[in-house]
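query01.cif (mmCIF, C-alpha atoms)
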data_start
loop_
_atom_site.label_atom_id
_atom_site.label_comp_id
_atom_site.auth_asym_id
_atom_site.auth_seq_id
_atom_site.Cartn_x
_atom_site.Cartn_y
_atom_site.Cartn_z
CA MET P 1 6.40 -19.99 -4.78
CA ASP P 2 6.95 -20.41 -1.01
CA ALA P 3 3.73 -19.11 0.41
CA ARG P 4 0.42 -17.94 -0.89
CA ARG P 5 -2.41 -16.68 1.28
CA GLU P 6 -5.80 -15.39 0.31
CA SER P 7 -8.51 -13.70 2.26
CA GLU P 8 -11.94 -15.26 2.17
CA PRO P 9 -14.23 -13.23 -0.06
CA THR P 10 -17.66 -12.38 1.25
CA PRO P 11 -20.54 -11.25 -0.94
CA MET P 12 -19.55 -8.04 -2.76
CA LYS P 13 -15.99 -8.26 -1.39
CA ASN P 14 -12.82 -8.81 -3.34
CA ARG P 15 -10.02 -11.19 -2.43
CA THR P 16 -6.55 -10.06 -1.41
CA THR P 17 -3.78 -12.45 -2.43
CA VAL P 18 -0.31 -12.41 -0.79
CA GLU P 19 2.31 -14.46 -2.60
CA ARG P 20 6.06 -14.88 -2.33
CA LYS P 21 7.08 -14.97 -5.99
CA SER P 22 10.80 -15.62 -5.56
CA GLU P 23 13.55 -15.42 -2.95
CA ARG P 24 13.38 -11.60 -3.09
CA GLU P 25 9.84 -10.79 -4.24
CA LEU P 26 6.50 -10.46 -2.49
CA VAL P 27 3.31 -9.63 -4.41
CA VAL P 28 -0.05 -8.52 -3.03
CA THR P 29 -3.00 -8.39 -5.45
CA ARG P 30 -6.53 -7.04 -5.03
CA THR P 31 -9.36 -5.77 -7.23
CA PHE P 32 -11.17 -2.67 -6.00
CA ASN P 33 -14.65 -1.56 -6.96
CA GLY P 34 -13.77 1.87 -8.27
CA PRO P 35 -11.98 3.61 -11.11
CA ALA P 36 -8.17 3.73 -11.16
CA ARG P 37 -8.24 7.52 -10.74
CA VAL P 38 -10.01 7.25 -7.39
CA VAL P 39 -7.90 4.32 -6.13
CA PHE P 40 -4.70 6.15 -7.16
CA GLU P 41 -5.80 9.30 -5.32
CA ALA P 42 -6.44 7.23 -2.18
CA TRP P 43 -2.75 6.15 -2.40
CA THR P 44 -1.34 9.62 -3.09
CA LYS P 45 -3.32 12.17 -1.06
CA PRO P 46 -2.18 12.30 2.59
CA GLU P 47 -5.67 13.19 3.85
CA LEU P 48 -7.00 10.00 2.21
CA LEU P 49 -4.02 7.78 3.15
CA LYS P 50 -4.62 8.63 6.81
CA ARG P 51 -8.13 7.18 6.54
CA TRP P 52 -7.13 3.65 5.44
CA TRP P 53 -3.39 2.89 5.57
CA VAL P 54 -3.06 1.57 9.16
CA PRO P 55 -4.85 -1.70 10.00
CA LYS P 56 -7.27 -0.89 12.84
CA SER P 57 -6.43 -4.14 14.63
CA ALA P 58 -2.73 -3.17 14.89
CA GLY P 59 -3.38 -0.65 17.66
CA LEU P 60 -1.37 1.97 15.78
CA SER P 61 -2.22 5.57 15.00
CA LEU P 62 -0.88 7.38 11.95
CA VAL P 63 0.02 10.74 13.53
CA SER P 64 1.83 12.28 10.57
CA CYS P 65 1.51 11.59 6.86
CA GLU P 66 3.59 13.56 4.38
CA ALA P 67 3.69 12.56 0.72
CA ASP P 68 5.23 14.68 -2.04
CA VAL P 69 4.09 12.34 -4.81
CA ARG P 70 6.35 13.20 -7.74
CA VAL P 71 9.57 11.72 -9.10
CA GLY P 72 12.22 12.54 -6.50
CA GLY P 73 9.58 13.56 -3.96
CA ARG P 74 9.73 12.12 -0.46
CA TYR P 75 7.23 10.53 1.88
CA ARG P 76 7.25 10.08 5.63
CA PHE P 77 4.61 8.30 7.72
CA VAL P 78 4.89 8.44 11.52
CA PHE P 79 3.04 5.90 13.65
CA VAL P 80 2.58 5.49 17.39
CA ILE P 81 1.16 2.64 19.43
CA GLY P 82 -2.22 3.81 20.67
CA ASN P 83 -1.72 7.42 21.70
CA ASP P 84 1.82 6.94 23.10
CA THR P 85 3.82 9.60 21.27
CA SER P 86 7.01 8.83 23.25
CA LYS P 87 8.13 6.10 20.80
CA PRO P 88 7.19 7.14 17.27
CA MET P 89 8.00 4.82 14.35
CA ALA P 90 8.76 6.45 11.01
CA PHE P 91 8.56 4.92 7.56
CA PHE P 92 10.08 7.01 4.80
CA GLY P 93 11.61 7.03 1.35
CA ARG P 94 11.33 8.65 -2.03
CA TYR P 95 9.22 8.24 -5.13
CA ILE P 96 11.21 7.04 -8.12
CA GLU P 97 8.31 6.66 -10.58
CA VAL P 98 4.92 8.36 -10.64
CA THR P 99 2.51 7.76 -13.51
CA PRO P 100 -0.87 9.22 -12.53
CA HIS P 101 -3.65 6.68 -12.17
CA SER P 102 -1.48 3.74 -13.26
CA ARG P 103 1.86 3.31 -11.44
CA LEU P 104 3.80 4.30 -8.31
CA VAL P 105 7.31 3.17 -7.38
CA TRP P 106 9.02 4.13 -4.12
CA THR P 107 11.94 3.23 -1.92
CA ASN P 108 11.65 2.11 1.69
CA GLU P 109 14.64 3.67 3.46
CA GLU P 110 13.90 3.29 7.17
CA GLY P 111 15.72 -0.05 7.51
CA GLY P 112 19.22 1.39 7.11
CA GLU P 113 20.44 -1.57 5.03
CA GLY P 114 18.21 -0.72 2.11
CA GLY P 115 14.63 -1.85 2.23
CA PRO P 116 12.48 -3.11 -0.58
CA VAL P 117 11.49 -1.11 -3.62
CA THR P 118 7.70 -1.08 -3.82
CA THR P 119 5.85 -0.88 -7.14
CA VAL P 120 2.08 -0.46 -7.22
CA THR P 121 0.17 -0.68 -10.48
CA PHE P 122 -3.45 0.31 -11.04
CA GLU P 123 -5.20 -1.31 -14.01
CA GLU P 124 -8.78 -0.27 -14.67
CA ASN P 125 -11.32 -2.53 -16.35
CA SER P 126 -15.08 -1.85 -16.44
CA GLY P 127 -14.95 0.60 -13.54
CA LYS P 128 -12.91 -1.73 -11.30
CA THR P 129 -9.21 -1.46 -10.57
CA LEU P 130 -6.78 -4.35 -10.36
CA LEU P 131 -4.06 -3.28 -7.93
CA VAL P 132 -0.77 -5.18 -7.81
CA MET P 133 1.74 -4.26 -5.10
CA HIS P 134 5.17 -5.73 -5.79
CA GLU P 135 7.98 -5.52 -3.23
CA LEU P 136 11.51 -6.33 -4.37
CA TYR P 137 13.91 -6.87 -1.46
CA PRO P 138 17.68 -6.38 -1.77
CA SER P 139 18.29 -10.02 -0.75
CA LYS P 140 16.62 -13.26 0.30
CA ALA P 141 17.79 -12.59 3.87
CA ALA P 142 16.08 -9.18 3.87
CA LEU P 143 12.76 -10.70 2.76
CA ASP P 144 13.14 -13.57 5.22
CA ALA P 145 13.76 -11.06 8.02
CA ALA P 146 10.77 -8.94 7.00
CA GLY P 147 8.52 -11.95 6.63
CA THR P 148 5.05 -11.52 5.19
CA GLY P 149 3.51 -9.80 8.23
CA ALA P 150 3.22 -6.38 6.64
CA ALA P 151 1.89 -7.86 3.41
CA ASP P 152 -0.54 -10.03 5.37
CA ALA P 153 -1.76 -6.87 7.15
CA MET P 154 -2.65 -5.52 3.70
CA VAL P 155 -5.70 -7.84 3.75
CA GLU P 156 -7.19 -5.71 6.53
CA THR P 157 -5.75 -2.47 5.15
CA PHE P 158 -7.25 -3.13 1.71
CA ALA P 159 -10.63 -3.87 3.32
CA GLN P 160 -10.35 -0.41 4.92
CA LEU P 161 -9.51 1.05 1.51
CA ASP P 162 -12.64 -0.64 0.14
CA GLU P 163 -14.68 1.12 2.84
CA LEU P 164 -13.06 4.45 1.99
CA LEU P 165 -13.78 4.01 -1.72
CA VAL P 166 -17.44 3.35 -0.94
CA SER P 167 -17.61 6.49 1.20
CA LEU P 168 -15.87 8.56 -1.50
CA GLY P 169 -18.00 7.37 -4.39
CA ALA P 170 -17.03 9.31 -7.48
CA SER P 171 -16.42 12.58 -5.62
CA VAL P 172 -12.63 12.25 -5.24
CA GLY P 173 -10.70 14.61 -7.44
CA ARG P 174 -13.67 16.80 -8.31
CA SER P 175 -13.14 20.25 -6.97
#
Just give me the structure of the file as structure tokens.
Amino acid sequence: MDARRESEPTPMKNRTTVERKSERELVVTRTFNGPARVVFEAWTKPELLKRWWVPKSAGLSLVSCEADVRVGGRYRFVFVIGNDTSKPMAFFGRYIEVTPHSRLVWTNEEGGEGGPVTTVTFEENSGKTLLVMHELYPSKAALDAAGTGAADAMVETFAQLDELLVSLGASVGRS
């Protein structure tokens, strides 16, 4: 609708698309080279989230990552700029839907006024996973205030997830 940005694909790379779908909705789409089970685990296991969630160029460190991925479970991610632990930034909320390997829905509660509800779907086809991240903001003003910066950062973050998936191969979840 308003804005649509895409990353430039390089050979063997997938494109990340960021699009404002309405006054309250932002959608980020990307195909990953890996099965939905592995991509889902990268989103739900704290030890894996720590390896890809923060864009390296942001200068942030993810110092704490807690995720109780079940309906009613809570998450809390704590970031610092560089190694400066004097001003931590926390992002937190609760999971309201968890369907293994296909769907996650969570609240974003750190804003005080009610942040967006984020829905991520994982759709596997021929060993690849189409991931759609949909953020629904409580109002047009809330989305306007948030802008697309965080969603735009997902281009880099998803490239880091690609790297993690390559390093994991098919070994995730086999114990």
*Output the residue selection produced by the PyMOL selection byres ((chain P and resi 105) around 6) on the file above, formatted as number ranges by chain.*
P: 95-97, 104, 106, 118-119
How big is the axis-aligned box, and where does its centre sit, when it encloses all atoms of segment 117-127 of chain P listed in the file and has 5 Å added on every side, reported in Å to one decimal as JSON?
{"center_x": -1.8, "center_y": -1.0, "center_z": -10.0, "size_x": 36.6, "size_y": 13.1, "size_z": 22.8}
_As a check of understanding, name the residues that the PyMOL selection byres ((chain P and resi 51-63) around 8) selects in the supplied structure, as a list of chain:residue names._
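With the PyMOL selection byres ((chain P and resi 51-63) around 8) on this model, the match is P:Glu47, P:Leu48, P:Leu49, P:Lys50, P:Ser64, P:Cys65, P:Phe77, P:Val78, P:Phe79, P:Val80, P:Ile81, P:Gly82, P:Asn83, P:Ala153, P:Met154, P:Glu156, P:Thr157, P:Phe158, P:Gln160, P:Leu161, P:Leu164.
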Take the residues just selected and output them with C-alpha atoms as a PDB file, in the frame of the given file.
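Contents of out_15.pdb, freshly written:
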ATOM      1  CA  GLU P  47      -5.670  13.190   3.850  1.00  0.00           C
ATOM      2  CA  LEU P  48      -7.000  10.000   2.210  1.00  0.00           C
ATOM      3  CA  LEU P  49      -4.020   7.780   3.150  1.00  0.00           C
ATOM      4  CA  LYS P  50      -4.620   8.630   6.810  1.00  0.00           C
ATOM      5  CA  SER P  64       1.830  12.280  10.570  1.00  0.00           C
ATOM      6  CA  CYS P  65       1.510  11.590   6.860  1.00  0.00           C
ATOM      7  CA  PHE P  77       4.610   8.300   7.720  1.00  0.00           C
ATOM      8  CA  VAL P  78       4.890   8.440  11.520  1.00  0.00           C
ATOM      9  CA  PHE P  79       3.040   5.900  13.650  1.00  0.00           C
ATOM     10  CA  VAL P  80       2.580   5.490  17.390  1.00  0.00           C
ATOM     11  CA  ILE P  81       1.160   2.640  19.430  1.00  0.00           C
ATOM     12  CA  GLY P  82      -2.220   3.810  20.670  1.00  0.00           C
ATOM     13  CA  ASN P  83      -1.720   7.420  21.700  1.00  0.00           C
ATOM     14  CA  ALA P 153      -1.760  -6.870   7.150  1.00  0.00           C
ATOM     15  CA  MET P 154      -2.650  -5.520   3.700  1.00  0.00           C
ATOM     16  CA  GLU P 156      -7.190  -5.710   6.530  1.00  0.00           C
ATOM     17  CA  THR P 157      -5.750  -2.470   5.150  1.00  0.00           C
ATOM     18  CA  PHE P 158      -7.250  -3.130   1.710  1.00  0.00           C
ATOM     19  CA  GLN P 160     -10.350  -0.410   4.920  1.00  0.00           C
ATOM     20  CA  LEU P 161      -9.510   1.050   1.510  1.00  0.00           C
ATOM     21  CA  LEU P 164     -13.060   4.450   1.990  1.00  0.00           C
TER      22      LEU P 164
END
*Find, counting all atoms listed in the file, the residue in P:Lys87, P:Arg74, P:Arg103, P:Lys140 that gets nearest to Glu23 of chain P.*
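The closest residue to Glu23 of chain P is P:Lys140.
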*Might you pull out every residue within 12 Å of Thr29 of chain P, with all atoms listed in the file counted and same-chain residues fewer than 4 positions away left off, and present them as a ChimeraX atom specification?*
/P:4-7,14-20,119-123,129-135,151-152,154-155,158
*So what do you get for atom CA of Leu136 of chain P versus atom CA of Val39 of chain P, distance-wise?*
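If I compute the distance from atom CA of Leu136 of chain P to atom CA of Val39 of chain P, I get 22.2 Å.
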_Point-to-point distance from atom CA of Ala36 of chain P to atom CA of Ser102 of chain P, Å rounded to tenths_ =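 Interatomic distance here is 7.0 Å.
As for atom CA of Gly127 of chain P and atom CA of Thr44 of chain P, they are spaced 19.4 Å apart.
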Residues matched by the PyMOL selection byres ((chain P and resi 73) around 9), written as a PDB file with C-alpha atoms, keeping the file's coordinate frame:
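Once everything was written out, this is result00.pdb:
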ATOM      1  CA  ALA P  67       3.690  12.560   0.720  1.00  0.00           C
ATOM      2  CA  ASP P  68       5.230  14.680  -2.040  1.00  0.00           C
ATOM      3  CA  VAL P  69       4.090  12.340  -4.810  1.00  0.00           C
ATOM      4  CA  ARG P  70       6.350  13.200  -7.740  1.00  0.00           C
ATOM      5  CA  VAL P  71       9.570  11.720  -9.100  1.00  0.00           C
ATOM      6  CA  GLY P  72      12.220  12.540  -6.500  1.00  0.00           C
ATOM      7  CA  ARG P  74       9.730  12.120  -0.460  1.00  0.00           C
ATOM      8  CA  TYR P  75       7.230  10.530   1.880  1.00  0.00           C
ATOM      9  CA  GLY P  93      11.610   7.030   1.350  1.00  0.00           C
ATOM     10  CA  ARG P  94      11.330   8.650  -2.030  1.00  0.00           C
ATOM     11  CA  TYR P  95       9.220   8.240  -5.130  1.00  0.00           C
ATOM     12  CA  ILE P  96      11.210   7.040  -8.120  1.00  0.00           C
TER      13      ILE P  96
END
